[in-house]
file work10.cif (mmCIF, C-alpha atoms)
data_query
loop_
_atom_site.label_atom_id
_atom_site.label_comp_id
_atom_site.auth_asym_id
_atom_site.auth_seq_id
_atom_site.Cartn_x
_atom_site.Cartn_y
_atom_site.Cartn_z
CA MET A 1 0.00 0.00 0.00
CA SER A 2 1.78 3.13 -1.24
CA GLY A 3 -0.22 6.02 0.21
CA LEU A 4 -2.95 7.23 2.53
CA PHE A 5 -5.56 7.54 -0.21
CA ASN A 6 -4.95 3.96 -1.26
CA VAL A 7 -5.81 2.89 2.28
CA LEU A 8 -9.00 4.94 2.18
CA LYS A 9 -9.92 3.25 -1.10
CA ALA A 10 -9.13 -0.23 0.26
CA GLU A 11 -11.18 0.36 3.40
CA GLY A 12 -14.14 1.98 1.62
CA LEU A 13 -13.58 5.33 3.37
CA THR A 14 -13.91 8.87 2.05
CA THR A 15 -12.28 11.10 4.64
CA LEU A 16 -9.13 11.40 6.74
CA LYS A 17 -8.42 14.23 9.15
CA LEU A 18 -5.29 14.90 11.18
CA ARG A 19 -5.14 17.46 13.98
CA TYR A 20 -2.09 18.60 15.91
CA ASP A 21 -1.65 20.74 19.03
CA PHE A 22 1.87 22.16 18.96
CA ARG A 23 1.58 23.25 22.59
CA THR A 24 1.17 19.68 23.84
CA ASP A 25 2.61 17.75 20.85
CA VAL A 26 -0.59 15.71 20.68
CA PHE A 27 -1.85 14.26 17.38
CA ARG A 28 -5.40 13.08 16.78
CA PHE A 29 -6.90 11.36 13.74
CA MET A 30 -10.34 10.67 12.32
CA ALA A 31 -11.16 8.54 9.32
CA ALA A 32 -14.69 8.13 7.96
CA LYS A 33 -17.10 7.04 5.32
CA GLU A 34 -19.26 10.14 4.88
CA TRP A 35 -21.02 9.61 1.55
CA ASP A 36 -22.16 6.77 -0.68
CA GLU A 37 -20.43 6.16 -3.98
CA GLY A 38 -23.66 6.93 -5.82
CA VAL A 39 -24.13 10.45 -4.43
CA ASP A 40 -24.67 12.89 -7.31
CA PHE A 41 -22.59 15.92 -6.36
CA SER A 42 -24.10 17.93 -9.22
CA GLN A 43 -26.99 18.37 -6.76
CA TYR A 44 -24.78 19.89 -4.06
CA ASN A 45 -26.50 22.88 -2.43
CA LYS A 46 -29.66 21.99 -4.37
CA LYS A 47 -30.91 18.72 -2.91
CA PHE A 48 -28.34 18.49 -0.11
CA ASN A 49 -25.69 20.69 1.52
CA VAL A 50 -22.44 20.46 3.43
CA GLY A 51 -24.27 19.49 6.63
CA SER A 52 -26.29 16.67 5.08
CA LEU A 53 -25.79 13.01 5.95
CA LEU A 54 -25.04 11.29 2.65
CA THR A 55 -25.01 7.62 3.62
CA ASP A 56 -26.92 5.19 5.85
CA GLU A 57 -23.61 3.40 6.46
CA ASN A 58 -21.60 6.12 8.20
CA VAL A 59 -18.29 4.93 9.58
CA TYR A 60 -16.12 6.98 11.94
CA LEU A 61 -12.78 5.74 13.24
CA ASN A 62 -11.05 7.27 16.25
CA THR A 63 -7.31 7.87 16.69
CA PRO A 64 -6.30 4.35 17.87
CA GLN A 65 -8.40 2.78 15.11
CA VAL A 66 -6.84 5.00 12.42
CA LEU A 67 -3.32 4.23 13.61
CA ALA A 68 -4.11 0.50 13.66
CA MET A 69 -5.56 0.72 10.15
CA PHE A 70 -2.43 2.28 8.68
CA GLU A 71 -0.20 -0.13 10.57
CA LYS A 72 -2.22 -3.01 9.09
CA HIS A 73 -1.47 -1.64 5.63
CA GLY A 74 2.24 -1.21 6.38
CA LEU A 75 2.14 2.59 6.53
CA ALA A 76 3.04 3.25 10.16
CA GLU A 77 6.45 4.64 9.18
CA TYR A 78 4.89 6.76 6.43
CA LEU A 79 2.45 8.22 8.94
CA GLU A 80 5.31 9.06 11.30
CA LYS A 81 7.00 10.98 8.47
CA LEU A 82 3.79 12.91 7.90
CA LYS A 83 3.52 13.70 11.61
CA GLY A 84 7.10 14.98 11.53
CA LEU A 85 6.25 17.40 8.73
CA VAL A 86 3.20 18.68 10.58
CA ARG A 87 5.16 19.05 13.82
CA GLN A 88 8.02 20.86 12.09
CA GLY A 89 5.71 23.49 10.62
CA LYS A 90 3.44 23.79 13.68
CA HIS A 91 0.44 23.00 11.50
CA PHE A 92 -3.10 22.71 12.81
CA GLY A 93 -3.76 19.74 10.57
CA ILE A 94 -4.72 18.21 7.23
CA ASP A 95 -8.09 17.34 5.69
CA MET A 96 -8.07 14.66 2.99
CA LEU A 97 -11.14 13.68 0.93
CA TYR A 98 -11.21 10.87 -1.59
CA ASN A 99 -13.68 10.57 -4.48
CA ASP A 100 -13.27 7.12 -5.99
CA LYS A 101 -15.46 7.77 -9.04
CA PHE A 102 -13.24 10.57 -10.36
CA ASN A 103 -10.07 9.50 -8.53
CA ILE A 104 -9.95 12.90 -6.84
CA ARG A 105 -7.45 13.13 -3.98
CA PHE A 106 -8.20 16.38 -2.16
CA ILE A 107 -5.61 17.58 0.36
CA CYS A 108 -6.20 20.72 2.42
CA GLY A 109 -3.21 21.73 4.52
CA ILE A 110 -4.40 23.81 7.46
CA HIS A 111 -1.68 25.82 9.11
CA SER A 112 -3.72 28.02 11.42
CA PRO A 113 -7.42 28.87 11.62
CA LYS A 114 -6.84 31.33 14.46
CA ARG A 115 -7.25 34.57 12.50
CA GLY A 116 -10.54 33.40 11.04
CA VAL A 117 -12.37 32.42 14.20
CA ASN A 118 -15.59 34.44 14.68
CA ASN A 119 -15.09 36.44 11.48
CA LYS A 120 -18.85 36.39 10.68
CA SER A 121 -18.47 34.35 7.49
CA HIS A 122 -18.46 30.66 6.60
CA ALA A 123 -14.78 30.74 5.69
CA THR A 124 -12.33 30.69 8.56
CA MET A 125 -9.27 30.30 6.32
CA ALA A 126 -8.08 31.55 2.96
CA GLY A 127 -5.79 29.86 0.48
CA ALA A 128 -5.91 28.88 -3.18
CA THR A 129 -6.41 25.43 -4.71
CA ARG A 130 -3.86 23.99 -7.13
CA ARG A 131 -3.93 20.87 -9.26
CA LYS A 132 -1.33 18.12 -9.06
CA SER A 133 -0.78 15.24 -11.42
CA HIS A 134 -1.40 11.68 -10.30
CA ASP A 135 2.13 11.00 -11.53
CA ILE A 136 3.77 12.73 -8.57
CA PRO A 137 4.12 10.93 -5.22
CA GLU A 138 1.30 11.58 -2.78
CA ILE A 139 3.75 12.82 -0.16
CA ASP A 140 4.94 15.58 -2.52
CA ALA A 141 1.37 16.84 -2.91
CA ILE A 142 0.97 16.80 0.88
CA ILE A 143 4.25 18.64 1.43
CA ASP A 144 3.25 21.31 -1.08
CA ALA A 145 -0.10 21.81 0.68
CA LEU A 146 1.62 22.11 4.06
CA ASN A 147 4.35 24.49 2.91
CA LEU A 148 1.91 26.73 1.09
CA SER A 149 -0.60 26.73 3.94
CA ARG A 150 2.09 27.89 6.35
CA ALA A 151 2.92 30.78 4.03
CA MET A 152 -0.78 31.63 3.72
CA ALA A 153 -1.22 31.96 7.49
CA PHE A 154 1.44 34.66 7.51
CA LYS A 155 0.43 36.16 4.17
CA ASN A 156 -3.09 36.78 5.41
CA ILE A 157 -1.67 38.81 8.29
CA ALA A 158 0.49 40.78 5.86
CA ALA A 159 -2.66 41.46 3.80
CA ASP A 160 -4.51 42.50 6.97
CA ILE A 161 -7.47 40.18 6.35
CA PRO A 162 -9.36 38.21 9.03
CA PHE A 163 -8.69 34.67 7.83
CA GLY A 164 -6.39 31.89 8.92
CA GLY A 165 -4.08 30.14 6.48
CA CYS A 166 -4.61 27.01 4.41
CA LYS A 167 -3.78 25.68 0.96
CA THR A 168 -5.29 22.87 -1.06
CA THR A 169 -3.63 20.56 -3.54
CA VAL A 170 -5.81 18.21 -5.58
CA GLN A 171 -4.48 15.19 -7.43
CA ILE A 172 -6.91 14.98 -10.32
CA ASP A 173 -6.91 14.53 -14.08
CA SER A 174 -7.33 17.70 -16.12
CA PRO A 175 -10.77 18.84 -14.94
CA ASP A 176 -13.73 19.35 -17.25
CA ILE A 177 -15.40 22.43 -15.75
CA THR A 178 -18.62 21.60 -17.60
CA ASN A 179 -18.91 18.36 -15.60
CA MET A 180 -21.25 19.49 -12.86
CA GLU A 181 -20.82 16.36 -10.77
CA LEU A 182 -17.06 16.85 -10.64
CA MET A 183 -17.34 20.59 -9.96
CA GLY A 184 -19.98 19.93 -7.34
CA PHE A 185 -17.68 17.59 -5.47
CA LEU A 186 -14.84 20.12 -5.47
CA ALA A 187 -17.28 22.73 -4.15
CA TYR A 188 -18.47 20.34 -1.43
CA ALA A 189 -14.89 19.51 -0.45
CA CYS A 190 -13.98 23.20 -0.27
CA ASP A 191 -16.99 23.99 1.89
CA THR A 192 -16.20 21.19 4.34
CA THR A 193 -12.82 22.81 4.99
CA ARG A 194 -14.37 26.27 5.48
CA CYS A 195 -11.82 27.74 3.12
CA LEU A 196 -12.07 30.85 0.94
CA THR A 197 -10.25 29.80 -2.19
CA GLY A 198 -9.64 30.31 -5.88
CA PRO A 199 -7.99 28.33 -8.68
CA ASP A 200 -4.20 28.26 -8.56
CA MET A 201 -1.70 26.48 -10.81
CA ALA A 202 -3.21 24.07 -13.36
CA PHE A 203 -6.83 24.87 -12.49
CA PRO A 204 -8.66 27.09 -14.99
CA LYS A 205 -9.70 30.50 -13.67
CA GLU A 206 -13.04 30.06 -15.44
CA MET A 207 -14.09 27.51 -12.83
CA VAL A 208 -14.77 30.39 -10.40
CA LYS A 209 -17.90 31.40 -12.30
CA VAL A 210 -19.02 27.77 -12.51
CA MET A 211 -18.66 27.48 -8.75
CA THR A 212 -20.35 30.75 -7.82
CA ASP A 213 -23.20 30.29 -10.31
CA ASN A 214 -23.96 26.71 -9.30
CA PHE A 215 -22.52 25.66 -5.96
CA THR A 216 -20.63 27.88 -3.54
CA MET A 217 -19.52 31.45 -2.90
CA GLN A 218 -16.22 30.24 -1.43
CA TYR A 219 -14.46 30.57 -4.81
CA CYS A 220 -13.21 34.02 -5.84
CA GLY A 221 -10.91 35.69 -8.31
CA GLY A 222 -11.79 34.53 -11.81
CA PRO A 223 -12.92 36.14 -15.08
CA GLY A 224 -16.33 37.72 -14.72
CA SER A 225 -16.14 37.87 -10.93
CA ALA A 226 -16.40 41.13 -9.04
CA LEU A 227 -12.67 41.93 -8.94
CA GLY A 228 -11.35 39.60 -11.62
CA ASP A 229 -8.16 37.58 -11.76
CA THR A 230 -6.09 37.78 -8.55
CA ALA A 231 -2.87 37.48 -10.59
CA ILE A 232 -2.96 41.17 -11.54
CA PRO A 233 -3.09 42.62 -8.00
CA THR A 234 -0.52 40.04 -6.89
CA ALA A 235 1.89 41.26 -9.57
CA TYR A 236 1.12 44.92 -8.85
CA GLY A 237 1.78 44.52 -5.13
CA THR A 238 5.05 42.72 -5.82
CA TYR A 239 6.13 45.48 -8.21
CA LEU A 240 5.37 48.13 -5.57
CA ALA A 241 7.32 46.16 -2.96
CA LEU A 242 10.29 45.87 -5.31
CA LYS A 243 10.33 49.63 -5.85
CA GLN A 244 10.36 50.13 -2.08
CA ALA A 245 13.26 47.71 -1.74
CA VAL A 246 15.23 49.60 -4.39
CA LYS A 247 14.41 52.90 -2.72
CA PHE A 248 15.56 51.48 0.62
CA GLN A 249 18.96 50.68 -0.88
CA THR A 250 19.46 53.57 -3.30
CA GLY A 251 17.20 56.40 -2.13
CA SER A 252 15.13 56.26 -5.34
CA GLU A 253 12.37 53.86 -6.32
CA SER A 254 13.09 54.25 -10.02
CA LEU A 255 14.12 51.06 -11.81
CA ASP A 256 15.49 52.90 -14.84
CA GLY A 257 18.80 51.47 -15.98
CA MET A 258 18.43 48.31 -13.93
CA SER A 259 18.09 44.74 -15.21
CA ALA A 260 15.56 42.17 -14.03
CA ALA A 261 15.11 38.42 -14.53
CA VAL A 262 11.52 37.17 -14.44
CA GLN A 263 11.29 33.43 -13.87
CA GLY A 264 7.91 32.20 -15.10
CA MET A 265 5.59 34.03 -17.48
CA GLY A 266 2.25 32.69 -16.30
CA ALA A 267 -0.49 35.11 -15.29
CA VAL A 268 1.45 36.63 -12.37
CA GLY A 269 4.88 36.59 -14.01
CA TYR A 270 3.55 38.07 -17.24
CA ALA A 271 1.87 40.91 -15.37
CA THR A 272 5.03 41.47 -13.29
CA ALA A 273 7.08 41.76 -16.49
CA GLN A 274 4.54 44.22 -17.88
CA TYR A 275 4.90 46.43 -14.81
CA LEU A 276 8.70 46.25 -15.07
CA ALA A 277 8.48 47.22 -18.75
CA ARG A 278 6.87 50.51 -17.74
CA GLU A 279 10.36 51.62 -16.79
CA LYS A 280 13.68 51.50 -18.62
CA THR A 281 14.50 48.09 -17.22
CA LYS A 282 16.36 45.47 -19.24
CA LEU A 283 14.38 42.26 -18.98
CA TYR A 284 15.37 38.61 -19.04
CA ILE A 285 12.33 36.32 -19.23
CA ALA A 286 11.94 32.55 -19.04
CA ASP A 287 9.06 30.09 -19.23
CA ILE A 288 8.42 26.54 -20.39
CA ASP A 289 5.78 27.89 -22.81
CA GLN A 290 7.56 29.57 -25.73
CA THR A 291 4.35 31.19 -26.97
CA ARG A 292 4.13 33.35 -23.84
CA LEU A 293 7.68 34.58 -24.36
CA ASP A 294 7.11 35.34 -28.03
CA ARG A 295 3.88 37.17 -27.23
CA PHE A 296 5.57 39.35 -24.63
CA LYS A 297 8.35 40.31 -27.06
CA GLU A 298 5.80 41.12 -29.76
CA GLU A 299 3.84 43.31 -27.35
CA HIS A 300 7.01 45.19 -26.31
CA PRO A 301 8.92 45.68 -29.58
CA ASN A 302 10.84 48.71 -28.32
CA HIS A 303 11.87 47.25 -24.97
CA ASP A 304 15.14 45.45 -24.25
CA VAL A 305 13.90 41.88 -23.69
CA THR A 306 16.03 38.72 -23.80
CA ILE A 307 14.53 35.23 -23.71
CA VAL A 308 16.46 32.83 -21.47
CA ALA A 309 16.12 29.06 -21.04
CA PRO A 310 14.19 28.13 -17.87
CA ASP A 311 17.16 26.30 -16.35
CA GLU A 312 19.43 29.30 -16.96
CA ILE A 313 17.32 32.18 -15.65
CA LEU A 314 18.61 31.97 -12.05
CA LYS A 315 22.18 32.11 -13.39
CA VAL A 316 21.67 35.43 -15.21
CA GLU A 317 23.74 38.37 -14.01
CA ALA A 318 21.11 41.02 -13.30
CA ASP A 319 20.18 43.47 -10.58
CA ILE A 320 16.81 41.93 -9.79
CA CYS A 321 15.32 38.46 -9.75
CA CYS A 322 11.52 38.09 -9.73
CA PRO A 323 10.64 34.41 -9.14
CA SER A 324 7.10 33.98 -10.47
CA ALA A 325 6.64 30.24 -10.93
CA MET A 326 6.98 27.19 -8.71
CA GLY A 327 8.58 27.58 -5.29
CA GLY A 328 11.52 25.85 -3.66
CA ILE A 329 14.08 27.25 -6.10
CA TRP A 330 16.60 28.76 -3.68
CA GLY A 331 18.77 26.27 -1.83
CA GLU A 332 22.37 26.71 -0.69
CA GLU A 333 23.84 25.91 -4.09
CA GLU A 334 21.64 28.38 -5.94
CA ILE A 335 22.17 31.09 -3.33
CA ASN A 336 25.93 30.74 -3.50
CA ALA A 337 25.84 31.08 -7.29
CA ALA A 338 23.32 33.95 -7.47
CA LYS A 339 24.40 37.20 -9.17
CA PHE A 340 21.49 39.41 -8.11
CA LYS A 341 21.19 42.38 -5.75
CA TYR A 342 17.47 41.92 -5.07
CA ILE A 343 15.22 38.87 -4.99
CA ILE A 344 11.65 40.15 -4.82
CA GLY A 345 9.07 38.07 -6.67
CA ALA A 346 5.52 36.79 -6.49
CA ALA A 347 6.20 33.04 -6.33
CA ASN A 348 5.22 31.25 -3.13
CA ASN A 349 7.79 29.54 -0.89
CA GLN A 350 10.81 30.60 -2.93
CA LEU A 351 13.29 29.19 -0.44
CA ARG A 352 13.77 25.43 -0.36
CA ALA A 353 12.52 25.03 3.18
CA THR A 354 9.77 23.27 5.10
CA SER A 355 10.08 25.19 8.36
CA GLN A 356 10.49 28.72 9.60
CA ASP A 357 13.94 27.97 11.00
CA GLU A 358 15.20 26.65 7.67
CA GLU A 359 13.76 29.65 5.82
CA ILE A 360 15.61 31.99 8.15
CA ARG A 361 18.86 30.08 7.76
CA LEU A 362 18.65 30.45 3.98
CA ALA A 363 17.59 34.10 4.29
CA LYS A 364 20.75 34.74 6.30
CA LEU A 365 22.82 33.14 3.55
CA LEU A 366 21.25 35.54 1.04
CA ALA A 367 21.94 38.51 3.33
CA GLY A 368 25.53 37.34 3.73
CA ARG A 369 25.94 37.56 -0.03
CA GLY A 370 24.62 41.11 -0.09
CA ILE A 371 21.27 40.15 -1.67
CA LEU A 372 18.20 41.98 -0.39
CA TYR A 373 15.52 39.33 0.06
CA GLN A 374 12.19 39.57 1.85
CA VAL A 375 10.13 36.45 2.48
CA ASP A 376 7.61 36.27 -0.35
CA TRP A 377 4.41 36.13 1.69
CA TRP A 378 5.08 39.60 3.06
CA HIS A 379 4.63 41.24 -0.36
CA ASN A 380 2.79 38.78 -2.66
CA CYS A 381 -0.36 39.13 -0.55
CA ALA A 382 -2.42 41.39 -2.83
CA GLY A 383 -4.07 38.43 -4.54
CA VAL A 384 -5.57 37.07 -1.34
CA LEU A 385 -6.42 40.63 -0.33
CA ALA A 386 -8.42 40.90 -3.55
CA ALA A 387 -10.15 37.57 -2.94
CA ALA A 388 -11.09 38.58 0.60
CA MET A 389 -12.44 41.92 -0.61
CA GLU A 390 -14.55 40.17 -3.26
CA TYR A 391 -15.76 37.54 -0.79
CA THR A 392 -16.75 40.17 1.78
CA TYR A 393 -18.15 42.95 -0.42
CA GLY A 394 -18.90 41.40 -3.82
CA TYR A 395 -19.78 44.02 -6.44
CA ALA A 396 -19.96 46.77 -3.81
CA LYS A 397 -16.20 47.17 -4.38
CA ASN A 398 -14.48 47.81 -7.71
CA ASN A 399 -10.96 47.73 -9.11
CA ASP A 400 -10.23 51.29 -7.99
CA ASP A 401 -11.03 50.25 -4.42
CA LEU A 402 -8.71 47.28 -4.77
CA VAL A 403 -5.81 49.28 -6.22
CA LYS A 404 -6.15 51.82 -3.43
CA ARG A 405 -6.08 49.09 -0.80
CA VAL A 406 -3.04 47.38 -2.35
CA GLU A 407 -1.20 50.70 -2.38
CA GLU A 408 -2.15 51.29 1.24
CA VAL A 409 -0.90 47.90 2.41
CA VAL A 410 1.95 46.35 0.41
CA PRO A 411 4.50 49.17 -0.11
CA VAL A 412 3.91 50.54 3.39
CA GLN A 413 4.35 47.11 4.97
CA THR A 414 7.50 46.49 2.94
CA TRP A 415 9.13 49.77 3.97
CA LYS A 416 8.28 49.18 7.62
CA ASN A 417 9.65 45.66 7.48
CA LEU A 418 12.94 46.62 5.82
CA THR A 419 13.41 49.47 8.27
CA ARG A 420 12.65 47.30 11.29
CA ALA A 421 15.06 44.62 10.07
CA LYS A 422 17.86 47.14 9.66
CA ASP A 423 17.20 48.72 13.06
CA GLN A 424 17.25 45.34 14.81
CA GLY A 425 20.17 43.91 12.86
CA ILE A 426 18.19 40.95 11.49
CA THR A 427 17.10 39.84 8.04
CA PRO A 428 13.81 41.11 6.55
CA THR A 429 12.55 37.53 6.71
CA GLU A 430 13.16 37.35 10.46
CA SER A 431 11.50 40.73 10.86
CA ALA A 432 8.40 39.61 8.95
CA TYR A 433 8.04 36.50 11.08
CA LEU A 434 8.62 38.57 14.20
CA SER A 435 5.57 40.65 13.26
CA CYS A 436 3.31 37.61 12.94
CA ASN A 437 4.36 34.86 15.32
CA GLU A 438 2.51 36.14 18.35
CA LEU A 439 -0.68 36.65 16.33
CA ILE A 440 -0.60 33.05 15.10
CA TYR A 441 0.93 31.17 17.99
CA GLY A 442 -0.68 33.12 20.82
CA ASP A 443 0.99 32.82 24.19
CA VAL A 444 3.85 30.74 22.81
CA THR A 445 7.05 32.81 22.80
CA SER A 446 9.11 32.32 19.65
CA ARG A 447 12.86 32.48 19.70
CA PHE A 448 12.67 35.89 18.04
CA TRP A 449 10.42 37.40 20.67
CA ALA A 450 12.83 36.13 23.30
CA LYS A 451 15.67 38.23 21.93
#
call {"tool": "encode", "arguments": {"input": "work10.cif", "output": "structure tokens"}}
result
Amino acid sequence: MSGLFNVLKAEGLTTLKLRYDFRTDVFRFMAAKEWDEGVDFSQYNKKFNVGSLLTDENVYLNTPQVLAMFEKHGLAEYLEKLKGLVRQGKHFGIDMLYNDKFNIRFICGIHSPKRGVNNKSHATMAGATRRKSHDIPEIDAIIDALNLSRAMAFKNIAADIPFGGCKTTVQIDSPDITNMELMGFLAYACDTTRCLTGPDMAFPKEMVKVMTDNFTMQYCGGPGSALGDTAIPTAYGTYLALKQAVKFQTGSESLDGMSAAVQGMGAVGYATAQYLAREKTKLYIADIDQTRLDRFKEEHPNHDVTIVAPDEILKVEADICCPSAMGGIWGEEEINAAKFKYIIGAANNQLRATSQDEEIRLAKLLAGRGILYQVDWWHNCAGVLAAAMEYTYGYAKNNDDLVKRVEEVVPVQTWKNLTRAKDQGITPTESAYLSCNELIYGDVTSRFWAK
């Protein structure tokens, strides 16, 4: 038996939940059968809702029973590895839902619901949903959900929104958004986690309208929604943060005469490059999709733009690096070889780390090389800010309201963070965590507060 979902399938179960209390180091588990295989999820929130009982054969297993079940299937060691990851990141837990009909493996990493408690809405957490291939190991999808959920808990504080942090990864074949049964299940799964979400990597943005028209208001940020694609505000906030970082070092926020490498030309990276092209900035761009690169060059015929191979973009000698694709790109080897002065980009979890301590160790390596780096969640928060504004106010707010709010939050927060880091003799990453730890971990004193 190679994974947790395979055990659920073998045992005829639909649900697995893990909860962890970092104060006491206590883990608890629940596994269940919560719906029949024949449930038609196209009828979600029509003939039944998230509180409905969907089977006459409900099964609920307690912690000792769950542990015995995984030991029976030879996965006791695997479960211990998972517990180690949760413990390391001080995560609240994981929700896993399995739909056998569509082979959907839904993994919601929950870092902290604390900020969302009593926020007068169904959602207590906010974090996007990204698709993963069935080809990747299950543990990699779980690790991605955990890492991203931890960043979201802090990002939501940086965005000044009243939601805890989570992130969902879904191992699923390329989804047909016209399949209402499939979409209905994803809506149901989202609602069970009480998560405000939107489509992230490999999920089409158009599914937001399908969700809001047919199933749930928990999805935000797509074409035709109140505030549109969250990629644009994310890129704009990152661009404003970069200008503050340059101003902090040089006294001027102008990027004229500087060079910048943009890694990834998806929705966020493309918009970031467009903002950079507003100034006299030499651009190096890279993406696995050549058509995006060609389109950008065609749209900017008078700008200095060089296309670089994806595996060479981090080796470019430029003033600025804007990571805008997958995370985990900066380990010791890459940091030691980097030729940048600034690393400020919109990608999530840019450092190859699974814990706060490891992030800070790598941030110190960057600082030691004279590279100004600020942990990404402190400045790439405008997308979730937009989603929260749409979720709370709907069409009562417009793009002008959003732009104003991004300008009020992101550059101001960045300047304060860089200043505080300099005053205290620590890295901007340590400073950002210092601002948030008490809000997330409550009466637990972190090693930074103890200084």
call {"tool": "residues_around", "arguments": {"input": "work10.cif", "residues": "segment 79-94 of chain A", "least_positions_apart": "6", "cutoff": "9 Å", "atoms": "all atoms listed in the file", "output": "PyMOL selection string"}}
result
chain A and resi 4+16-22+25+27+67+70-71+107-113+139+142-143+145-147+149-150+354-356+441
call {"tool": "atom_distance", "arguments": {"input": "work10.cif", "atom1": "atom CA of Ala273 of chain A", "atom2": "atom CA of Tyr236 of chain A"}}
result
10.2 Å
call {"tool": "closest_residue", "arguments": {"input": "work10.cif", "among": "A:Ala187, A:Asp287, A:Arg361, A:Glu253", "to": "Asn45 of chain A", "atoms": "all atoms listed in the file"}}
result
A:Ala187
call {"tool": "atom_distance", "arguments": {"input": "work10.cif", "atom1": "atom CA of Ala235 of chain A", "atom2": "atom CA of Ala271 of chain A"}}
result
5.8 Å
call {"tool": "residues_around", "arguments": {"input": "work10.cif", "residues": "Thr124 of chain A", "least_positions_apart": "6", "cutoff": "7 Å", "atoms": "all atoms listed in the file", "output": "ChimeraX atom specification"}}
result
/A:113,116-117,163-164,194-195
call {"tool": "write_last_selection", "arguments": {"input": "work10.cif", "atoms": "C-alpha atoms", "output": "PDB file, keeping the file's coordinate frame"}}
result
ATOM      1  CA  PRO A 113      -7.420  28.870  11.620  1.00  0.00           C
ATOM      2  CA  GLY A 116     -10.540  33.400  11.040  1.00  0.00           C
ATOM      3  CA  VAL A 117     -12.370  32.420  14.200  1.00  0.00           C
ATOM      4  CA  PHE A 163      -8.690  34.670   7.830  1.00  0.00           C
ATOM      5  CA  GLY A 164      -6.390  31.890   8.920  1.00  0.00           C
ATOM      6  CA  ARG A 194     -14.370  26.270   5.480  1.00  0.00           C
ATOM      7  CA  CYS A 195     -11.820  27.740   3.120  1.00  0.00           C
TER       8      CYS A 195
END
call {"tool": "resolve_selection", "arguments": {"input": "work10.cif", "expression": "the PyMOL selection byres ((chain A and resi 389-403) around 10)", "output": "PyMOL selection string"}}
result
chain A and resi 120-121+123+161+196-197+217-221+225-228+233+236-237+382-388+404-408
call {"tool": "write_last_selection", "arguments": {"input": "work10.cif", "atoms": "C-alpha atoms", "output": "short mmCIF file (atom, residue, chain, number, x, y, z; two decimals), keeping the file's coordinate frame"}}
result
data_model
loop_
_atom_site.label_atom_id
_atom_site.label_comp_id
_atom_site.auth_asym_id
_atom_site.auth_seq_id
_atom_site.Cartn_x
_atom_site.Cartn_y
_atom_site.Cartn_z
CA LYS A 120 -18.85 36.39 10.68
CA SER A 121 -18.47 34.35 7.49
CA ALA A 123 -14.78 30.74 5.69
CA ILE A 161 -7.47 40.18 6.35
CA LEU A 196 -12.07 30.85 0.94
CA THR A 197 -10.25 29.80 -2.19
CA MET A 217 -19.52 31.45 -2.90
CA GLN A 218 -16.22 30.24 -1.43
CA TYR A 219 -14.46 30.57 -4.81
CA CYS A 220 -13.21 34.02 -5.84
CA GLY A 221 -10.91 35.69 -8.31
CA SER A 225 -16.14 37.87 -10.93
CA ALA A 226 -16.40 41.13 -9.04
CA LEU A 227 -12.67 41.93 -8.94
CA GLY A 228 -11.35 39.60 -11.62
CA PRO A 233 -3.09 42.62 -8.00
CA TYR A 236 1.12 44.92 -8.85
CA GLY A 237 1.78 44.52 -5.13
CA ALA A 382 -2.42 41.39 -2.83
CA GLY A 383 -4.07 38.43 -4.54
CA VAL A 384 -5.57 37.07 -1.34
CA LEU A 385 -6.42 40.63 -0.33
CA ALA A 386 -8.42 40.90 -3.55
CA ALA A 387 -10.15 37.57 -2.94
CA ALA A 388 -11.09 38.58 0.60
CA LYS A 404 -6.15 51.82 -3.43
CA ARG A 405 -6.08 49.09 -0.80
CA VAL A 406 -3.04 47.38 -2.35
CA GLU A 407 -1.20 50.70 -2.38
CA GLU A 408 -2.15 51.29 1.24
#
call {"tool": "resolve_selection", "arguments": {"input": "work10.cif", "expression": "the PyMOL selection byres ((chain A and resi 370) around 12)", "output": "list of chain:residue names"}}
result
A:Gln249, A:Asp319, A:Ile335, A:Asn336, A:Ala338, A:Lys339, A:Phe340, A:Lys341, A:Tyr342, A:Ile343, A:Ala363, A:Lys364, A:Leu365, A:Leu366, A:Ala367, A:Gly368, A:Arg369, A:Ile371, A:Leu372, A:Tyr373, A:Thr427
call {"tool": "atom_distance", "arguments": {"input": "work10.cif", "atom1": "atom CA of Leu148 of chain A", "atom2": "atom CA of Glu358 of chain A"}}
result
14.8 Å
call {"tool": "residues_around", "arguments": {"input": "work10.cif", "residues": "Asn302 of chain A", "least_positions_apart": "4", "cutoff": "12 Å", "atoms": "only C-alpha atoms", "output": "PyMOL selection string"}}
result
chain A and resi 277-283+296-298
call {"tool": "closest_residue", "arguments": {"input": "work10.cif", "among": "A:Ala231, A:Ser2, A:Leu439, A:Glu334", "to": "Tyr78 of chain A", "atoms": "all atoms listed in the file"}}
result
A:Ser2
call {"tool": "resolve_selection", "arguments": {"input": "work10.cif", "expression": "the PyMOL selection byres ((chain A and resi 56) around 12)", "output": "number ranges by chain"}}
result
A: 33-37, 39, 52-55, 57-59
call {"tool": "write_last_selection", "arguments": {"input": "work10.cif", "atoms": "C-alpha atoms", "output": "JSON list (two decimals), in the frame of the given file"}}
result
[["chain", "number", "residue", "atom", "x", "y", "z"],
["A", 33, "LYS", "CA", -17.10, 7.04, 5.32],
["A", 34, "GLU", "CA", -19.26, 10.14, 4.88],
["A", 35, "TRP", "CA", -21.02, 9.61, 1.55],
["A", 36, "ASP", "CA", -22.16, 6.77, -0.68],
["A", 37, "GLU", "CA", -20.43, 6.16, -3.98],
["A", 39, "VAL", "CA", -24.13, 10.45, -4.43],
["A", 52, "SER", "CA", -26.29, 16.67, 5.08],
["A", 53, "LEU", "CA", -25.79, 13.01, 5.95],
["A", 54, "LEU", "CA", -25.04, 11.29, 2.65],
["A", 55, "THR", "CA", -25.01, 7.62, 3.62],
["A", 57, "GLU", "CA", -23.61, 3.40, 6.46],
["A", 58, "ASN", "CA", -21.60, 6.12, 8.20],
["A", 59, "VAL", "CA", -18.29, 4.93, 9.58]]
